[in-house]
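J.: Sharing target17.txt, compact mmCIF, C-alpha atoms:
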```
# COMPACT_ATOMS: atom_id res chain seq x y z
CA MET A 941 19.44 -0.15 3.22
CA SER A 942 19.49 -1.39 6.77
CA PRO A 943 16.47 -1.46 9.11
CA LEU A 944 18.13 1.43 10.93
CA SER A 945 17.83 3.55 7.83
CA ARG A 946 14.11 2.90 7.72
CA SER A 947 13.46 4.01 11.29
CA LEU A 948 10.12 5.79 10.96
CA PRO A 949 10.36 8.25 13.88
CA VAL A 950 13.00 10.28 12.03
CA ILE A 951 11.42 10.26 8.57
CA PRO A 952 9.26 13.35 8.04
CA LEU A 953 6.21 13.00 5.85
CA ALA A 954 7.57 15.58 3.45
CA GLY A 955 10.71 13.50 2.98
CA LEU A 956 8.67 10.46 2.04
CA VAL A 957 6.59 12.46 -0.43
CA LEU A 958 9.70 13.85 -2.05
CA THR A 959 11.26 10.42 -2.25
CA VAL A 960 8.28 9.30 -4.32
CA LEU A 961 8.66 12.40 -6.49
CA PHE A 962 12.32 11.60 -6.92
CA LEU A 963 11.65 8.06 -8.05
CA ALA A 964 8.94 9.19 -10.44
CA LEU A 965 10.60 12.27 -11.92
CA ALA A 966 14.34 11.96 -11.51
CA ALA A 967 15.21 8.34 -12.23
CA PRO A 968 17.09 7.86 -15.52
CA SER A 969 14.94 6.47 -18.32
CA ALA A 970 16.17 4.71 -21.44
CA ALA A 971 13.06 5.94 -23.22
CA GLU A 972 14.17 9.58 -22.75
CA PRO A 973 17.82 9.76 -23.84
CA ASP A 974 17.69 13.55 -24.36
CA ARG A 975 16.24 14.37 -21.02
CA ASP A 976 19.53 15.65 -19.57
CA ARG A 977 19.70 18.20 -22.40
CA GLU A 978 16.45 19.86 -21.30
CA VAL A 979 17.75 22.81 -19.32
CA VAL A 980 15.38 25.03 -17.37
CA GLU A 981 16.91 28.19 -15.90
CA LEU A 982 15.42 30.78 -13.57
CA SER A 983 17.14 34.06 -12.84
CA GLY A 984 16.16 37.63 -11.96
CA GLU A 985 13.52 38.62 -9.39
CA HIS A 986 10.14 36.94 -8.95
CA GLY A 987 7.32 37.57 -6.52
CA ASP A 988 5.12 34.56 -7.18
CA MET A 989 5.40 30.79 -6.76
CA GLN A 990 7.62 28.97 -9.27
CA PHE A 991 7.21 25.42 -10.64
CA LEU A 992 10.22 24.11 -12.56
CA VAL A 993 10.64 20.71 -14.24
CA GLY A 994 13.42 19.67 -16.65
CA GLY A 995 16.42 17.46 -17.20
CA ARG A 996 18.60 20.15 -15.59
CA VAL A 997 17.05 22.85 -13.43
CA LYS A 998 19.27 25.82 -12.60
CA VAL A 999 18.05 28.52 -10.23
CA SER A 1000 19.98 31.69 -9.50
CA ALA A 1001 17.04 33.98 -8.84
CA THR A 1002 15.52 35.99 -6.01
CA VAL A 1003 12.05 34.57 -5.28
CA THR A 1004 9.90 35.90 -2.45
CA ASP A 1005 7.58 32.89 -2.66
CA ASP A 1006 8.09 29.13 -2.83
CA VAL A 1007 9.99 27.24 -5.51
CA PHE A 1008 9.07 23.67 -6.50
CA ALA A 1009 11.70 22.02 -8.68
CA ALA A 1010 12.10 18.50 -10.09
CA GLY A 1011 14.64 17.11 -12.54
CA ARG A 1012 17.66 14.88 -12.88
CA TYR A 1013 19.99 17.66 -11.76
CA VAL A 1014 18.57 20.50 -9.66
CA SER A 1015 20.88 23.27 -8.47
CA PHE A 1016 20.36 26.51 -6.57
CA THR A 1017 23.36 28.77 -7.06
CA ARG A 1018 23.58 32.02 -5.08
CA ALA A 1019 19.79 32.13 -5.02
CA ASP A 1020 17.64 33.98 -2.49
CA ILE A 1021 14.40 32.04 -2.03
CA ARG A 1022 11.67 31.84 0.57
CA ASN A 1023 11.10 28.07 0.60
CA VAL A 1024 12.54 25.31 -1.58
CA ILE A 1025 10.94 21.93 -2.30
CA ALA A 1026 13.09 19.93 -4.69
CA ALA A 1027 13.49 16.39 -6.00
CA GLY A 1028 16.14 15.07 -8.36
CA TYR A 1029 18.98 12.68 -8.90
CA GLU A 1030 21.24 15.43 -7.54
CA VAL A 1031 19.94 18.39 -5.55
CA THR A 1032 22.46 21.09 -4.65
CA LEU A 1033 22.28 24.36 -2.72
CA ASP A 1034 25.46 26.19 -3.66
CA GLY A 1035 25.67 29.50 -1.82
CA GLY A 1036 22.71 31.81 -1.45
CA VAL A 1037 19.96 31.82 1.18
CA VAL A 1038 16.69 29.91 1.55
CA ALA A 1039 14.26 30.04 4.46
CA ASP A 1040 13.26 26.36 4.55
CA MET A 1041 14.43 23.50 2.37
CA ILE A 1042 12.85 20.11 1.71
CA ALA A 1043 14.82 17.92 -0.69
CA ALA A 1044 15.08 14.34 -1.88
CA GLY A 1045 17.54 12.76 -4.29
CA SER A 1046 20.29 10.26 -4.75
CA THR A 1047 22.58 13.07 -3.53
CA VAL A 1048 21.47 16.10 -1.53
CA ARG A 1049 24.24 18.63 -0.90
CA VAL A 1050 23.83 21.82 1.13
CA ALA A 1051 26.62 24.33 0.64
CA GLY A 1052 24.58 27.47 1.30
CA ARG A 1053 22.54 28.98 4.11
CA VAL A 1054 19.20 27.62 5.30
CA VAL A 1055 17.65 30.13 7.70
CA ASP A 1056 15.16 27.73 9.27
CA ASP A 1057 14.82 23.94 8.90
CA LEU A 1058 16.22 21.36 6.51
CA VAL A 1059 14.35 18.13 5.72
CA ALA A 1060 16.30 15.79 3.44
CA ALA A 1061 16.08 12.22 2.17
CA GLY A 1062 18.56 10.58 -0.19
CA GLY A 1063 21.33 8.11 -0.80
CA THR A 1064 23.83 10.70 0.45
CA VAL A 1065 22.83 13.76 2.44
CA ARG A 1066 25.72 16.15 3.01
CA ILE A 1067 25.99 19.50 4.73
CA ALA A 1068 29.25 20.78 3.27
CA PRO A 1069 31.83 22.76 5.28
CA GLU A 1070 30.49 26.02 3.81
CA GLY A 1071 26.88 25.00 4.50
CA ALA A 1072 24.82 26.21 7.46
CA VAL A 1073 21.37 25.31 8.73
CA GLU A 1074 20.38 27.77 11.43
CA SER A 1075 17.60 25.67 12.93
CA ASP A 1076 16.89 21.91 12.91
CA VAL A 1077 17.88 19.15 10.49
CA ARG A 1078 15.83 16.02 9.86
CA ALA A 1079 17.51 13.58 7.49
CA VAL A 1080 17.33 9.98 6.34
CA GLY A 1081 19.60 8.26 3.85
CA GLU A 1082 22.29 5.69 3.19
CA THR A 1083 25.05 8.08 4.25
CA ILE A 1084 24.69 11.36 6.16
CA GLU A 1085 27.61 13.74 6.57
CA VAL A 1086 27.59 16.95 8.62
CA GLU A 1087 30.69 19.02 7.95
CA GLY A 1088 29.10 22.45 8.28
CA VAL A 1089 26.94 24.08 10.93
CA VAL A 1090 23.60 22.95 12.35
CA GLY A 1091 22.28 25.62 14.67
CA GLY A 1092 19.51 23.52 16.20
CA SER A 1093 19.09 19.79 16.75
CA LEU A 1094 19.96 16.95 14.40
CA ARG A 1095 17.79 13.86 14.00
CA ALA A 1096 19.03 11.38 11.42
CA ALA A 1097 18.78 7.74 10.39
CA ALA A 1098 21.17 6.07 7.95
CA ARG A 1099 23.56 3.21 7.48
CA SER A 1100 26.45 5.56 8.24
CA ILE A 1101 26.45 8.98 9.95
CA ARG A 1102 29.53 11.16 10.23
CA ILE A 1103 29.72 14.48 12.06
CA GLU A 1104 32.73 16.70 11.43
CA GLY A 1105 31.03 20.08 11.98
CA SER A 1106 28.96 21.56 14.80
CA VAL A 1107 25.47 20.84 16.07
CA GLY A 1108 24.01 23.47 18.39
CA GLY A 1109 21.46 21.22 20.06
CA LYS A 1110 21.17 17.51 20.63
CA ALA A 1111 22.06 14.87 18.06
CA ASP A 1112 19.61 11.96 17.91
CA LEU A 1113 21.13 9.36 15.59
CA SER A 1114 20.16 5.88 14.36
CA ALA A 1115 22.80 4.09 12.29
CA GLU A 1116 24.97 1.02 11.99
CA ARG A 1117 28.05 3.21 12.21
CA ILE A 1118 28.33 6.63 13.88
CA VAL A 1119 31.55 8.65 13.63
CA ILE A 1120 32.11 11.85 15.59
CA GLY A 1121 35.21 13.48 14.11
CA PRO A 1122 37.93 15.43 15.98
CA ALA A 1123 36.54 18.81 14.89
CA ALA A 1124 32.94 17.97 15.82
CA ARG A 1125 31.06 19.95 18.45
CA ILE A 1126 27.64 18.92 19.82
CA GLY A 1127 25.95 21.41 22.12
CA GLY A 1128 23.47 18.96 23.65
CA ASP A 1129 23.16 15.25 24.27
CA LEU A 1130 24.41 12.63 21.85
CA ILE A 1131 21.63 10.05 21.68
CA TYR A 1132 22.40 7.01 19.59
CA ARG A 1133 20.43 3.95 18.56
CA SER A 1134 22.93 1.43 17.28
CA HIS A 1135 24.33 -1.99 18.08
CA GLN A 1136 27.79 -0.41 18.00
CA PRO A 1137 28.92 2.50 20.19
CA PRO A 1138 29.78 5.70 18.33
CA GLU A 1139 33.37 6.28 17.30
CA ILE A 1140 34.22 9.53 19.11
CA ALA A 1141 37.59 10.97 18.13
CA ALA A 1142 39.90 12.79 20.52
CA GLY A 1143 39.20 16.51 20.34
CA ALA A 1144 35.44 16.13 19.73
CA VAL A 1145 33.32 18.20 22.14
CA ILE A 1146 30.00 16.86 23.43
CA GLU A 1147 28.54 19.23 25.99
CA GLY A 1148 25.66 16.97 27.00
CA ASP A 1149 25.48 13.30 27.88
CA VAL A 1150 26.15 10.36 25.60
CA ARG A 1151 23.10 8.12 25.88
CA HIS A 1152 22.33 4.80 24.28
CA ILE A 1153 18.72 3.87 23.54
CA GLU A 1154 17.90 0.28 22.70
CA MET A 1155 16.73 -0.28 19.16
CA ASP A 1156 12.99 -0.78 19.07
CA LEU A 1157 12.90 -2.48 15.69
CA PRO A 1158 9.83 -4.48 14.68
CA ASP A 1159 9.81 -8.19 15.42
CA ILE A 1160 9.24 -9.55 11.90
CA GLU A 1161 8.23 -12.98 13.18
CA ARG A 1162 5.73 -11.50 15.60
CA ILE A 1163 4.32 -9.21 12.91
CA GLY A 1164 3.98 -12.17 10.56
CA LEU A 1165 2.17 -14.21 13.21
CA THR A 1166 -0.09 -11.27 13.96
CA ILE A 1167 -1.00 -10.82 10.29
CA PHE A 1168 -1.59 -14.56 9.99
CA GLY A 1169 -3.79 -14.50 13.09
CA ILE A 1170 -5.83 -11.57 11.81
CA GLY A 1171 -6.20 -13.24 8.43
CA LEU A 1172 -7.25 -16.49 10.10
CA VAL A 1173 -9.88 -14.72 12.23
CA ILE A 1174 -11.23 -12.88 9.18
CA GLY A 1175 -11.26 -16.09 7.15
CA VAL A 1176 -13.08 -18.03 9.88
CA ALA A 1177 -15.58 -15.18 10.27
CA TRP A 1178 -16.28 -15.19 6.52
CA ALA A 1179 -16.61 -18.97 6.49
CA VAL A 1180 -19.07 -18.92 9.39
CA ALA A 1181 -21.05 -16.09 7.78
CA VAL A 1182 -21.30 -17.93 4.45
CA LEU A 1183 -22.26 -21.15 6.23
CA LEU A 1184 -25.04 -19.40 8.16
CA LEU A 1185 -26.35 -17.73 4.98
CA VAL A 1186 -26.40 -21.05 3.14
CA VAL A 1187 -28.25 -22.67 6.06
CA VAL A 1188 -30.78 -19.81 6.13
CA ILE A 1189 -31.39 -19.98 2.37
CA GLN A 1190 -31.73 -23.77 2.49
CA ALA A 1191 -34.20 -23.53 5.37
CA ALA A 1192 -36.21 -20.69 3.82
CA PHE A 1193 -36.42 -22.02 0.25
CA PRO A 1194 -35.98 -25.80 0.44
CA SER A 1195 -38.11 -26.64 -2.62
CA LEU A 1196 -36.48 -23.96 -4.79
CA VAL A 1197 -32.99 -25.10 -3.86
CA GLY A 1198 -33.91 -28.77 -4.34
CA GLU A 1199 -35.50 -28.22 -7.75
CA ALA A 1200 -32.58 -26.06 -8.90
CA ALA A 1201 -30.03 -28.64 -7.73
CA ALA A 1202 -31.89 -31.38 -9.61
CA ALA A 1203 -32.00 -29.18 -12.73
CA ALA A 1204 -28.27 -28.44 -12.46
CA ARG A 1205 -27.54 -32.14 -12.22
CA ALA A 1206 -29.77 -32.99 -15.17
CA ARG A 1207 -28.62 -30.13 -17.44
CA PRO A 1208 -25.23 -28.92 -16.12
CA TRP A 1209 -24.00 -27.21 -19.29
CA ASN A 1210 -27.31 -25.49 -19.90
CA SER A 1211 -27.32 -24.25 -16.28
CA LEU A 1212 -23.73 -23.09 -16.56
CA GLY A 1213 -24.44 -21.03 -19.69
CA ARG A 1214 -27.47 -19.41 -18.12
CA GLY A 1215 -25.58 -18.67 -14.91
CA VAL A 1216 -22.65 -17.02 -16.64
CA ALA A 1217 -24.97 -14.96 -18.85
CA THR A 1218 -27.11 -13.91 -15.87
CA LEU A 1219 -24.15 -12.79 -13.78
CA MET A 1220 -22.46 -10.94 -16.64
CA ILE A 1221 -25.62 -9.10 -17.71
CA ALA A 1222 -26.55 -8.19 -14.12
CA LEU A 1223 -23.09 -6.89 -13.24
CA ALA A 1224 -22.79 -4.95 -16.50
CA ALA A 1225 -26.22 -3.39 -16.00
CA SER A 1226 -25.46 -2.40 -12.41
CA GLY A 1227 -22.17 -0.86 -13.57
CA LEU A 1228 -23.97 1.20 -16.23
CA LEU A 1229 -26.53 2.36 -13.67
CA PHE A 1230 -23.76 3.36 -11.25
CA ALA A 1231 -22.22 5.48 -14.01
CA SER A 1232 -25.28 7.77 -14.03
CA VAL A 1233 -26.21 9.78 -10.95
CA LEU A 1234 -29.95 9.05 -11.23
CA GLY A 1235 -29.33 5.35 -11.67
CA VAL A 1236 -27.20 4.82 -8.54
CA PRO A 1237 -30.09 3.56 -6.34
CA LEU A 1238 -31.20 1.13 -9.08
CA GLY A 1239 -27.59 0.06 -9.62
CA ALA A 1240 -27.14 -0.62 -5.90
CA ALA A 1241 -30.40 -2.58 -5.77
CA LEU A 1242 -29.43 -4.65 -8.82
CA PHE A 1243 -25.94 -5.30 -7.39
CA PHE A 1244 -27.29 -6.56 -4.07
CA THR A 1245 -29.92 -8.65 -5.86
CA THR A 1246 -27.13 -10.24 -7.90
CA ALA A 1247 -25.17 -10.93 -4.70
CA LEU A 1248 -28.24 -12.58 -3.17
CA LEU A 1249 -28.72 -14.65 -6.33
CA ALA A 1250 -25.06 -15.70 -6.11
CA LEU A 1251 -25.65 -16.89 -2.54
CA VAL A 1252 -28.67 -18.87 -3.71
CA GLY A 1253 -26.50 -20.32 -6.48
CA LEU A 1254 -23.88 -21.29 -3.90
CA THR A 1255 -26.56 -23.03 -1.83
CA VAL A 1256 -27.77 -24.90 -4.92
CA ALA A 1257 -24.18 -25.86 -5.76
CA ALA A 1258 -23.61 -27.05 -2.19
CA GLN A 1259 -26.70 -29.26 -2.24
CA TRP A 1260 -25.75 -30.54 -5.69
CA ALA A 1261 -22.27 -31.48 -4.40
CA GLY A 1262 -23.66 -32.93 -1.17
CA PHE A 1263 -26.12 -35.17 -2.98
CA ALA A 1264 -23.35 -36.23 -5.37
CA ILE A 1265 -21.43 -37.43 -2.30
CA ARG A 1266 -24.60 -39.14 -1.05
CA ARG A 1267 -25.00 -41.02 -4.35
CA TRP A 1268 -21.30 -41.92 -4.31
CA ARG A 1269 -21.83 -43.48 -0.91
CA ARG A 1270 -24.89 -45.31 -2.35
CA ARG A 1271 -27.26 -44.01 0.28
CA SER A 1272 -30.89 -44.89 -0.50
CA ASP A 1273 -32.67 -43.92 2.71
CA PRO A 1274 -35.41 -41.24 2.51
CA VAL A 1275 -34.19 -37.64 2.60
CA SER A 1276 -35.66 -35.65 5.46
CA ALA A 1277 -35.42 -31.89 5.87
CA ARG A 1278 -32.69 -32.35 8.48
CA SER A 1279 -30.63 -34.74 6.35
CA ARG A 1280 -31.06 -32.43 3.33
CA MET A 1281 -29.57 -29.64 5.41
CA GLY A 1282 -26.71 -31.91 6.51
CA TRP A 1283 -25.85 -32.97 2.96
CA THR A 1284 -25.95 -29.34 1.84
CA VAL A 1285 -23.49 -28.34 4.56
CA LEU A 1286 -21.27 -31.31 3.66
CA GLY A 1287 -21.35 -30.22 0.02
CA LEU A 1288 -20.35 -26.68 1.05
CA VAL A 1289 -17.38 -28.10 2.94
CA ALA A 1290 -16.42 -30.18 -0.12
CA LEU A 1291 -16.52 -27.07 -2.32
CA ALA A 1292 -14.35 -25.23 0.20
CA LEU A 1293 -11.80 -28.06 0.09
CA VAL A 1294 -11.79 -28.04 -3.71
CA SER A 1295 -11.16 -24.27 -3.69
CA LEU A 1296 -7.88 -24.91 -1.84
CA ILE A 1297 -6.41 -26.56 -4.95
CA PRO A 1298 -3.97 -24.00 -6.38
CA PHE A 1299 -5.31 -22.09 -9.39
CA LEU A 1300 -7.76 -24.75 -10.63
CA GLY A 1301 -9.71 -24.94 -7.37
CA TRP A 1302 -11.34 -21.53 -7.61
CA ILE A 1303 -12.09 -22.03 -11.31
CA VAL A 1304 -13.87 -25.34 -10.68
CA VAL A 1305 -15.87 -23.96 -7.75
CA GLY A 1306 -16.72 -20.81 -9.70
CA LEU A 1307 -18.10 -22.85 -12.59
CA ILE A 1308 -20.17 -25.02 -10.24
CA VAL A 1309 -21.59 -21.96 -8.47
CA ALA A 1310 -22.33 -20.30 -11.84
CA ALA A 1311 -24.27 -23.44 -12.85
CA GLY A 1312 -26.14 -23.20 -9.55
CA VAL A 1313 -26.98 -19.55 -10.30
CA GLY A 1314 -28.25 -20.50 -13.76
CA ALA A 1315 -30.45 -23.31 -12.40
CA ALA A 1316 -31.79 -21.09 -9.60
CA ALA A 1317 -32.51 -18.20 -11.97
CA SER A 1318 -34.33 -20.57 -14.33
CA ARG A 1319 -36.50 -21.97 -11.53
CA ILE A 1320 -37.29 -18.49 -10.20
CA TRP A 1321 -38.32 -17.40 -13.71
CA GLN A 1322 -40.51 -20.48 -14.18
CA ARG A 1323 -42.18 -19.93 -10.82
CA GLY A 1324 -42.86 -16.30 -11.64
CA GLN A 1325 -44.44 -17.00 -15.04
CA PRO A 1326 -47.86 -18.25 -13.77
CA ALA A 1327 -48.20 -15.26 -11.44
CA TYR A 1328 -47.23 -12.88 -14.27
CA GLU A 1329 -49.75 -14.49 -16.67
CA GLU A 1330 -52.47 -14.40 -14.01
CA ALA A 1331 -51.78 -10.73 -13.33
CA GLY A 1332 -51.84 -10.01 -17.08
```
For the file at hand, write its structure as structure tokens.
T.:
Amino acid sequence: MSPLSRSLPVIPLAGLVLTVLFLALAAPSAAEPDRDREVVELSGEHGDMQFLVGGRVKVSATVTDDVFAAGRYVSFTRADIRNVIAAGYEVTLDGGVVADMIAAGSTVRVAGRVVDDLVAAGGTVRIAPEGAVESDVRAVGETIEVEGVVGGSLRAAARSIRIEGSVGGKADLSAERIVIGPAARIGGDLIYRSHQPPEIAAGAVIEGDVRHIEMDLPDIERIGLTIFGIGLVIGVAWAVAVLLLVVVIQAAFPSLVGEAAAAARARPWNSLGRGVATLMIALAASGLLFASVLGVPLGAALFFTTALLALVGLTVAAQWAGFAIRRWRRRSDPVSARSRMGWTVLGLVALALVSLIPFLGWIVVGLIVAAGVGAAASRIWQRGQPAYEEAG
């Protein structure tokens, strides 16, 4: 379907909702070969709301309330209904009277009387010669044909729009091709949004002005650049935030981070196992606490504690990576607090570069950070033991 057919100003919300219903309920399915044989019929008189779903839905009743219908084939034949909301592969109003009609389907055909408004979305939307909509029509589709009567205004978007009947008010059309037939009559302005002028046949009556409005279609390149720019700003903001947090943690707990980094280097597999176990147990426990109403505060506290521990693990991993680079460069000068901070930041940058490797990058960095979490958790536990024993 062309961009013209997706012009949002002429797509009512109800039409979009029904389009989703159509795709979900009315599309053919190989897993349901007998669906077309499921016939649901409604006749007689009814004073309450009706909900009808089946392979074929046939309505020939008098209903003083609303009717909701969904199926592969949905037909209203000489029915008298307050409001109709229908979705199906084919939706047909054949004779009868409805107050308002909202319909979506591969084909929507109106050959009856709609007292108020019609909202329709489909591959083909057709108001047949014997069809009449006494108020406004809002339609979107691949092809829209108006051969009957529209008492109010017509707003439509499609690849092709053809008017052979009458429109009492203005016709606001967006399409690649617009045809105004010889028997057409438009009581107001003909407003068209198209790269091609409408084909107006001799004999057609347009009582208002014929006005062209430039297409205001989205600039895909500009939208793409905008999304990229927003993503870049968000990414830079996250990177700066993580960098600042790592710097703060390194400055606040230099000995803890240093000892954990040394432990991770000396026992990497042991640290990795502890880190993975710690994260899994903490996240599972917080999830279980969130599942109970009384445990939500504890779950939130445990979750944020785990996030803080992950940041400490990232800081440990960054210092571990930074000092690995330092050893690779064979630096032997004393390590001051300032240089320790510098190597930690350099290690964080190295981890960020590794994460850019498709697929494997994030796995490698995740394992290194998990090892940092394990080493940090082990050091925190060891530091807490003397205080716990003294308190005991």
J.: For Val1216 in chain A, which residue out of A:Leu1307, A:Leu1113, A:Ile1140, A:Ala1261 is the nearest one, using all atoms listed in the file?
T.: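 Among the listed residues, A:Leu1307 lies closest to Val1216 in chain A.
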J.: Could you please determine the separation between CA of Tyr1132 in chain A and CA of His1152 in chain A in Å, to one decimal place?
T.: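 These two atoms are separated by 5.2 Å.
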J.: Please indicate the distance in Å from CA of Glu1116 in chain A to CA of Arg1099 in chain A, rounded to one decimal place.
T.: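 Going from CA of Glu1116 in chain A over to CA of Arg1099 in chain A, I get 5.2 Å.
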J.: Rounded to one decimal place, report the CA of Ala1201 in chain A-CA of Gly1324 in chain A distance in Å.
T.: 18.2 Å
J.: Considering only C-alpha atoms, state which residue in the set A:Ala1079, A:Ala1027, A:Val1197, A:Ala1241 is at the smallest distance from Ser1318 in chain A.
T.: A:Val1197
J.: Tell me which protein, DNA and RNA residues are within 12 Å of Ile1265 in chain A, counting all atoms listed in the file, leaving out same-chain ones fewer than 2 positions away, and put them as a ChimeraX atom specification.
T.: /A:1258-1263,1267-1271,1282-1291
J.: Applying 8 Å and all atoms listed in the file, which residues near Val1186 in chain A remain after dropping the ones on its own chain fewer than 5 positions away? List them as a ChimeraX atom specification.
T.: /A:1251-1252,1254-1255,1285
J.: Excluding range 1030-1041 of chain A and its own-chain neighbours fewer than 5 positions away, which residues fall within 10 Å of it when counting all atoms listed in the file? Please give them as an MDAnalysis selection string.
T.: chainID A and resid 962 966 996:1004 1006:1007 1009:1025 1046:1060 1062:1068 1070:1075 1077
J.: Okay, now the selection with C-alpha atoms, as a PDB file, in the coordinates of the input?
T.:
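File produced: out_12.pdb:
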```
ATOM      1  CA  PHE A 962      12.320  11.600  -6.920  1.00  0.00           C
ATOM      2  CA  ALA A 966      14.340  11.960 -11.510  1.00  0.00           C
ATOM      3  CA  ARG A 996      18.600  20.150 -15.590  1.00  0.00           C
ATOM      4  CA  VAL A 997      17.050  22.850 -13.430  1.00  0.00           C
ATOM      5  CA  LYS A 998      19.270  25.820 -12.600  1.00  0.00           C
ATOM      6  CA  VAL A 999      18.050  28.520 -10.230  1.00  0.00           C
ATOM      7  CA  SER A1000      19.980  31.690  -9.500  1.00  0.00           C
ATOM      8  CA  ALA A1001      17.040  33.980  -8.840  1.00  0.00           C
ATOM      9  CA  THR A1002      15.520  35.990  -6.010  1.00  0.00           C
ATOM     10  CA  VAL A1003      12.050  34.570  -5.280  1.00  0.00           C
ATOM     11  CA  THR A1004       9.900  35.900  -2.450  1.00  0.00           C
ATOM     12  CA  ASP A1006       8.090  29.130  -2.830  1.00  0.00           C
ATOM     13  CA  VAL A1007       9.990  27.240  -5.510  1.00  0.00           C
ATOM     14  CA  ALA A1009      11.700  22.020  -8.680  1.00  0.00           C
ATOM     15  CA  ALA A1010      12.100  18.500 -10.090  1.00  0.00           C
ATOM     16  CA  GLY A1011      14.640  17.110 -12.540  1.00  0.00           C
ATOM     17  CA  ARG A1012      17.660  14.880 -12.880  1.00  0.00           C
ATOM     18  CA  TYR A1013      19.990  17.660 -11.760  1.00  0.00           C
ATOM     19  CA  VAL A1014      18.570  20.500  -9.660  1.00  0.00           C
ATOM     20  CA  SER A1015      20.880  23.270  -8.470  1.00  0.00           C
ATOM     21  CA  PHE A1016      20.360  26.510  -6.570  1.00  0.00           C
ATOM     22  CA  THR A1017      23.360  28.770  -7.060  1.00  0.00           C
ATOM     23  CA  ARG A1018      23.580  32.020  -5.080  1.00  0.00           C
ATOM     24  CA  ALA A1019      19.790  32.130  -5.020  1.00  0.00           C
ATOM     25  CA  ASP A1020      17.640  33.980  -2.490  1.00  0.00           C
ATOM     26  CA  ILE A1021      14.400  32.040  -2.030  1.00  0.00           C
ATOM     27  CA  ARG A1022      11.670  31.840   0.570  1.00  0.00           C
ATOM     28  CA  ASN A1023      11.100  28.070   0.600  1.00  0.00           C
ATOM     29  CA  VAL A1024      12.540  25.310  -1.580  1.00  0.00           C
ATOM     30  CA  ILE A1025      10.940  21.930  -2.300  1.00  0.00           C
ATOM     31  CA  SER A1046      20.290  10.260  -4.750  1.00  0.00           C
ATOM     32  CA  THR A1047      22.580  13.070  -3.530  1.00  0.00           C
ATOM     33  CA  VAL A1048      21.470  16.100  -1.530  1.00  0.00           C
ATOM     34  CA  ARG A1049      24.240  18.630  -0.900  1.00  0.00           C
ATOM     35  CA  VAL A1050      23.830  21.820   1.130  1.00  0.00           C
ATOM     36  CA  ALA A1051      26.620  24.330   0.640  1.00  0.00           C
ATOM     37  CA  GLY A1052      24.580  27.470   1.300  1.00  0.00           C
ATOM     38  CA  ARG A1053      22.540  28.980   4.110  1.00  0.00           C
ATOM     39  CA  VAL A1054      19.200  27.620   5.300  1.00  0.00           C
ATOM     40  CA  VAL A1055      17.650  30.130   7.700  1.00  0.00           C
ATOM     41  CA  ASP A1056      15.160  27.730   9.270  1.00  0.00           C
ATOM     42  CA  ASP A1057      14.820  23.940   8.900  1.00  0.00           C
ATOM     43  CA  LEU A1058      16.220  21.360   6.510  1.00  0.00           C
ATOM     44  CA  VAL A1059      14.350  18.130   5.720  1.00  0.00           C
ATOM     45  CA  ALA A1060      16.300  15.790   3.440  1.00  0.00           C
ATOM     46  CA  GLY A1062      18.560  10.580  -0.190  1.00  0.00           C
ATOM     47  CA  GLY A1063      21.330   8.110  -0.800  1.00  0.00           C
ATOM     48  CA  THR A1064      23.830  10.700   0.450  1.00  0.00           C
ATOM     49  CA  VAL A1065      22.830  13.760   2.440  1.00  0.00           C
ATOM     50  CA  ARG A1066      25.720  16.150   3.010  1.00  0.00           C
ATOM     51  CA  ILE A1067      25.990  19.500   4.730  1.00  0.00           C
ATOM     52  CA  ALA A1068      29.250  20.780   3.270  1.00  0.00           C
ATOM     53  CA  GLU A1070      30.490  26.020   3.810  1.00  0.00           C
ATOM     54  CA  GLY A1071      26.880  25.000   4.500  1.00  0.00           C
ATOM     55  CA  ALA A1072      24.820  26.210   7.460  1.00  0.00           C
ATOM     56  CA  VAL A1073      21.370  25.310   8.730  1.00  0.00           C
ATOM     57  CA  GLU A1074      20.380  27.770  11.430  1.00  0.00           C
ATOM     58  CA  SER A1075      17.600  25.670  12.930  1.00  0.00           C
ATOM     59  CA  VAL A1077      17.880  19.150  10.490  1.00  0.00           C
TER      60      VAL A1077
END
```
J.: Listed atoms of range 1139-1144 of chain A, axis-aligned box, 3 Å per side: centre and edge lengths to one decimal in Å, as JSON?
T.:
```
{"center_x": 36.6, "center_y": 11.4, "center_z": 18.9, "size_x": 12.5, "size_y": 16.2, "size_z": 9.2}
```
J.: Give me the residues near Glu1147 in chain A as a list in words, where near means some atom within 12 Å (using all atoms listed in the file) and where sequence neighbours in that chain fewer than 5 positions away do not count.
T.: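 My reading of the contact set: Ser1106, Val1107, Gly1108, Gly1109, Lys1110, Ala1111, Ala1124, Arg1125, Ile1126, Gly1127, Gly1128, Asp1129 and Leu1130 of chain A.
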